[in-house]
Amino acid sequence: MVGADATGLRLLPFGKWDGITVGDSVELILNGEGIFPDDSWIGTVIDALGRPLSDAPRFKRGGGRAASRNAPPPAFERRRVGEKLETLIKCVDVFTPICRGQRMGIFAGSGVGKSTLMAMLARNTDADVIVIGLIGERGREVREFIQEDLGEKGMARSVVVVSTGDEAPLLRRQAAWTATAVAEHFRAQGRQVLLLIDSVTRFAMAQREIGLANGEPPTARSYPPTVFSELPHLLERAGPGREGEGDITGIFTVLVDGDDFNEPIADAVRGIVDGHIVLDRHVAERNRYPAINVQRSISRMLPACHTPDQQRIMGEARRALGKYADMEDLIRVGAYKPGSDPDTDAAIRFFETADAFLGQARGETMTAEQSFAELYRMLLEADFDVPLASKAVVDNSPSEEMAAE
């Protein structure tokens with residue numbers, strides 16, 4: 001049931017309408033909703049209703065029922081966000097660090113590397129269990145993502161919930177709820193959970209279809225009001241747990257419409273999550289992946305999750321990249337004359353090395369300490385003065401052999 005009014009109840013199917021006619025009887029099944037998660041689900045692929053999609057001989061029904069639509073933990077019963085998580089992704093660890101229990105949005109247009117970045121986070125991030133919700137995904141890309149992007153190592157500690165784009169809107173919406181319920185099950189056991197939902201936009205589109213079918217008035221870009229009430233309910237379920245529980249670190253991707261980062265869903269999600277990573281088509285066109293736009297990305301856990309020296313290095317690197325971005329058009333057309341401004345000259349020198357350094361292949365990793373040490377070295381070589389309280393940062397610089405790898 002999706003609604004009720006004076007004329008009666010409004011129903012939508014989880015499947016197709018084929019064969020359903022006026023006058024057919026409807027039976028209410030009590031306690032029919034919910035899933036039964038179990039440790040045997042780790043390493044398997046399930047559908048929106050918690051049924052295995054892949055060959056999973058270990059898969060079994062858990063002993064306790066988990067409601068798909070749990071209420072988020074009360075604000076004053078939650079613990080605070082925990083320590084920093086190391087993702088081994090240079091750009092993320094330095095400029096947009098993620099902490100245990102934080103909720104981060106990844107905003108990107110189509111084809112800019114969103115799924116690849118999500119897979120890198122799944123494989124590299126220190127978590128006990130990874131829950132991945134593929135919402136409205138292309139059918140041909142599901143196995144490709146699991147086998148190539150996620151890989152055997154990532155799949156070994158993951159539960160993947162899949163609802164492809166051809167399925168009914170109720171199932172696509174349900175898949176996001178199911179993935180979150182599975183993550184809540186493991187959080188209640190005291191585990192550290194990484195929840196990845198790709199994408200929140202397709203969850204919103206499914207809710208739009210349901211809302212419009214229910215007779216809701218279309219508002220911003222035809223999204224009905226229930227879309228904007230469902231988003232915080234879904235996203236707030238991630239985060240730190242109560243005392244004695246673990247945390248759900250939530251990564252939610254947003255597929256921005258027409259590369260408009262101020263469209264309604266992107267704007268709503270940005271106001272809910274604890275930071276955002278922007279993947280920029282302009283950066284991808286330079287063949288730098290992950291195509292993270294440093295100036296437009298932010299983590300709300302800063303500056304608390306960096307040491308003072310790390311914060312100083314990050315701030316100076318961000319300032320240098322911002323200075324280059326301001327002058328980029330003039331530099332590219334030759335309108336800037338070298339030597340006119342010492343700060344711009346230094347920013348150009350820094351950009352030439354840092355832009356290549358911040359790129360990262362899918363299988364490449366580097367610790368946060370090594371990333372900070374390398375950026376510090378580049379800043380010094382570009383003639384930036386970055387005073388540090390301790391020289392320990394320099395000692396973490398990777399060897400030439402490791403950098404080559």
# chains A, B, ... in the order shown; residues from 1 in each chain; ligands from 1
>>> residues_around(residues="region 94-105 of chain A", least_positions_apart="2", cutoff="9 Å", atoms="only C-alpha atoms", output="PDB file with C-alpha atoms, in the first residue's frame")
ATOM      1  CA  ARG A  80      30.040  10.823  18.608  1.00  0.00           C
ATOM      2  CA  VAL A  81      31.803  10.225  15.311  1.00  0.00           C
ATOM      3  CA  GLY A  82      34.925   8.103  15.840  1.00  0.00           C
ATOM      4  CA  GLU A  83      38.528   8.147  14.674  1.00  0.00           C
ATOM      5  CA  LYS A  84      39.711   8.735  11.139  1.00  0.00           C
ATOM      6  CA  LEU A  85      39.426   5.861   8.672  1.00  0.00           C
ATOM      7  CA  GLU A  86      42.301   5.336   6.287  1.00  0.00           C
ATOM      8  CA  THR A  87      41.081   4.741   2.743  1.00  0.00           C
ATOM      9  CA  ILE A  89      43.199   6.996  -1.527  1.00  0.00           C
ATOM     10  CA  LYS A  90      45.534   9.989  -1.589  1.00  0.00           C
ATOM     11  CA  CYS A  91      43.051  12.703  -2.451  1.00  0.00           C
ATOM     12  CA  VAL A  92      40.451  11.457   0.040  1.00  0.00           C
ATOM     13  CA  PHE A 107      28.467  13.814  -6.286  1.00  0.00           C
ATOM     14  CA  GLN A 192      32.391  -1.440  12.075  1.00  0.00           C
ATOM     15  CA  VAL A 193      30.287  -1.291   8.904  1.00  0.00           C
ATOM     16  CA  LEU A 194      30.947   0.549   5.655  1.00  0.00           C
ATOM     17  CA  LEU A 235      20.495   8.816   5.406  1.00  0.00           C
ATOM     18  CA  GLU A 236      20.058   9.415   9.148  1.00  0.00           C
ATOM     19  CA  ALA A 238      23.660   5.512   9.056  1.00  0.00           C
ATOM     20  CA  GLY A 239      26.151   6.924  11.540  1.00  0.00           C
ATOM     21  CA  PRO A 240      27.411   6.062  15.023  1.00  0.00           C
ATOM     22  CA  GLY A 241      25.481   3.540  17.055  1.00  0.00           C
ATOM     23  CA  GLY A 246      29.487  -0.342  16.218  1.00  0.00           C
ATOM     24  CA  ASP A 247      29.238   2.392  13.600  1.00  0.00           C
ATOM     25  CA  ILE A 248      27.880   2.655  10.083  1.00  0.00           C
ATOM     26  CA  THR A 249      30.126   4.801   7.926  1.00  0.00           C
ATOM     27  CA  GLY A 250      27.865   5.788   5.039  1.00  0.00           C
ATOM     28  CA  ILE A 251      29.013   6.659   1.517  1.00  0.00           C
ATOM     29  CA  PHE A 252      26.108   7.804  -0.669  1.00  0.00           C
ATOM     30  CA  THR A 253      26.543   8.559  -4.349  1.00  0.00           C
ATOM     31  CA  VAL A 254      24.452  11.204  -6.089  1.00  0.00           C
ATOM     32  CA  VAL A 269      21.575  15.351   0.203  1.00  0.00           C
ATOM     33  CA  ARG A 270      24.368  17.897   0.639  1.00  0.00           C
ATOM     34  CA  ILE A 272      22.040  16.061   5.283  1.00  0.00           C
ATOM     35  CA  VAL A 273      25.444  14.379   4.991  1.00  0.00           C
ATOM     36  CA  ASP A 274      28.665  15.256   6.840  1.00  0.00           C
ATOM     37  CA  GLY A 275      30.690  16.215   3.794  1.00  0.00           C
ATOM     38  CA  HIS A 276      30.813  15.764   0.051  1.00  0.00           C
ATOM     39  CA  ILE A 277      33.267  14.655  -2.623  1.00  0.00           C
ATOM     40  CA  VAL A 278      32.689  16.221  -6.044  1.00  0.00           C
ATOM     41  CA  VAL A 294      39.538  19.521  -4.387  1.00  0.00           C
ATOM     42  CA  SER A 297      34.921  18.922  -1.892  1.00  0.00           C
ATOM     43  CA  ILE A 298      34.811  19.178   1.894  1.00  0.00           C
ATOM     44  CA  SER A 299      34.705  16.990   4.987  1.00  0.00           C
ATOM     45  CA  ARG A 300      32.850  18.399   7.978  1.00  0.00           C
ATOM     46  CA  MET A 301      35.113  16.418  10.287  1.00  0.00           C
ATOM     47  CA  LEU A 302      37.925  18.892   9.596  1.00  0.00           C
ATOM     48  CA  CYS A 305      40.536  14.640  12.340  1.00  0.00           C
ATOM     49  CA  HIS A 306      43.909  16.014  11.128  1.00  0.00           C
ATOM     50  CA  GLN A 310      48.569  17.704   8.503  1.00  0.00           C
ATOM     51  CA  GLN A 311      46.023  20.518   8.588  1.00  0.00           C
ATOM     52  CA  ILE A 313      49.957  20.954   4.755  1.00  0.00           C
ATOM     53  CA  MET A 314      46.417  20.363   3.511  1.00  0.00           C
ATOM     54  CA  GLY A 315      45.526  24.047   3.821  1.00  0.00           C
ATOM     55  CA  ARG A 318      44.425  23.544  -1.145  1.00  0.00           C
ATOM     56  CA  ALA A 368      47.828   8.898   4.598  1.00  0.00           C
ATOM     57  CA  SER A 371      50.537  11.179   1.050  1.00  0.00           C
ATOM     58  CA  PHE A 372      51.084  14.094   3.423  1.00  0.00           C
TER      59      PHE A 372
END
>>> closest_atom_pairs(of="region 153-267 of chain A", to="region 49-73 of chain A", cutoff="10 Å", atoms="only C-alpha atoms", output="Markdown table")
| residue | atom | partner | partner_atom | distance |
| --- | --- | --- | --- | --- |
| A:Val160 | CA | A:Leu53 | CA | 9.7 |
| A:Val161 | CA | A:Gly50 | CA | 7.9 |
| A:Val162 | CA | A:Leu53 | CA | 8.5 |
| A:Ser163 | CA | A:Leu49 | CA | 9.7 |
| A:Leu171 | CA | A:Leu49 | CA | 7.9 |
| A:Gln174 | CA | A:Leu49 | CA | 7.4 |
| A:Ala175 | CA | A:Leu49 | CA | 7.4 |
| A:Ala176 | CA | A:Ser68 | CA | 9.0 |
| A:Trp177 | CA | A:Ser68 | CA | 5.4 |
| A:Thr178 | CA | A:Ser68 | CA | 5.5 |
| A:Ala179 | CA | A:Ser68 | CA | 8.6 |
| A:Thr180 | CA | A:Ser68 | CA | 7.7 |
| A:Ala181 | CA | A:Ser68 | CA | 5.5 |
| A:Val182 | CA | A:Ala66 | CA | 7.8 |
| A:Glu184 | CA | A:Ala66 | CA | 8.6 |
| A:His185 | CA | A:Ala66 | CA | 7.2 |
| A:Pro232 | CA | A:Pro72 | CA | 9.6 |
| A:His233 | CA | A:Pro72 | CA | 7.1 |
| A:Leu234 | CA | A:Pro72 | CA | 8.3 |
| A:Leu235 | CA | A:Pro72 | CA | 8.8 |
| A:Glu236 | CA | A:Pro72 | CA | 5.8 |
| A:Arg237 | CA | A:Pro72 | CA | 4.3 |
| A:Ala238 | CA | A:Pro72 | CA | 7.6 |
| A:Gly239 | CA | A:Pro73 | CA | 9.0 |
| A:Pro240 | CA | A:Pro73 | CA | 8.8 |
| A:Gly241 | CA | A:Pro73 | CA | 7.2 |
| A:Arg242 | CA | A:Pro73 | CA | 7.4 |
>>> atom_distance(atom1="CA of Thr201 (chain A)", atom2="CA of Leu255 (chain A)")
5.8 Å
>>> select_by_dssp(residues="region 170-286 of chain A", states="strand (DSSP E)", output="ChimeraX atom specification")
/A:192-198,239-240,247-255,275-278
>>> residues_around(residues="Ala168 (chain A)", least_positions_apart="6", cutoff="9 Å", atoms="only C-alpha atoms", output="PDB file with C-alpha atoms, in the first residue's frame")
ATOM      1  CA  LEU A  12       1.546  -0.755  -6.209  1.00  0.00           C
ATOM      2  CA  PRO A  13       3.081  -4.166  -6.997  1.00  0.00           C
ATOM      3  CA  PHE A  14       6.634  -5.316  -6.287  1.00  0.00           C
ATOM      4  CA  GLY A  15       6.480  -6.961  -9.699  1.00  0.00           C
ATOM      5  CA  LYS A  16       4.477  -6.411 -12.885  1.00  0.00           C
ATOM      6  CA  ALA A 206      11.817   5.413  -7.469  1.00  0.00           C
TER       7      ALA A 206
END
>>> residues_around(residues="Asp341 (chain A)", least_positions_apart="5", cutoff="12 Å", atoms="only C-alpha atoms", output="list in words")
Lys323, Tyr324, Met327, Tyr336, Ala346, Ala347 and Ile348 of chain A
>>> residues_around(residues="Phe145 (chain A)", least_positions_apart="6", cutoff="9 Å", atoms="only C-alpha atoms", output="number ranges by chain")
A: 115-116, 119, 151
>>> closest_residue(among="A:Glu209, A:Gly19, A:Ile42, A:Val129", to="Gln189 (chain A)", atoms="only C-alpha atoms")
A:Val129
>>> closest_residue(among="A:Gly136, A:Gly111, A:Gly322, A:Gly154", to="Arg173 (chain A)", atoms="only C-alpha atoms")
A:Gly136
>>> atom_distance(atom1="CA of Arg221 (chain A)", atom2="CA of Gly109 (chain A)")
17.3 Å
>>> residues_around(residues="Ala220 (chain A)", least_positions_apart="3", cutoff="8 Å", atoms="only C-alpha atoms", output="PyMOL selection string")
chain A and resi 223-224+264
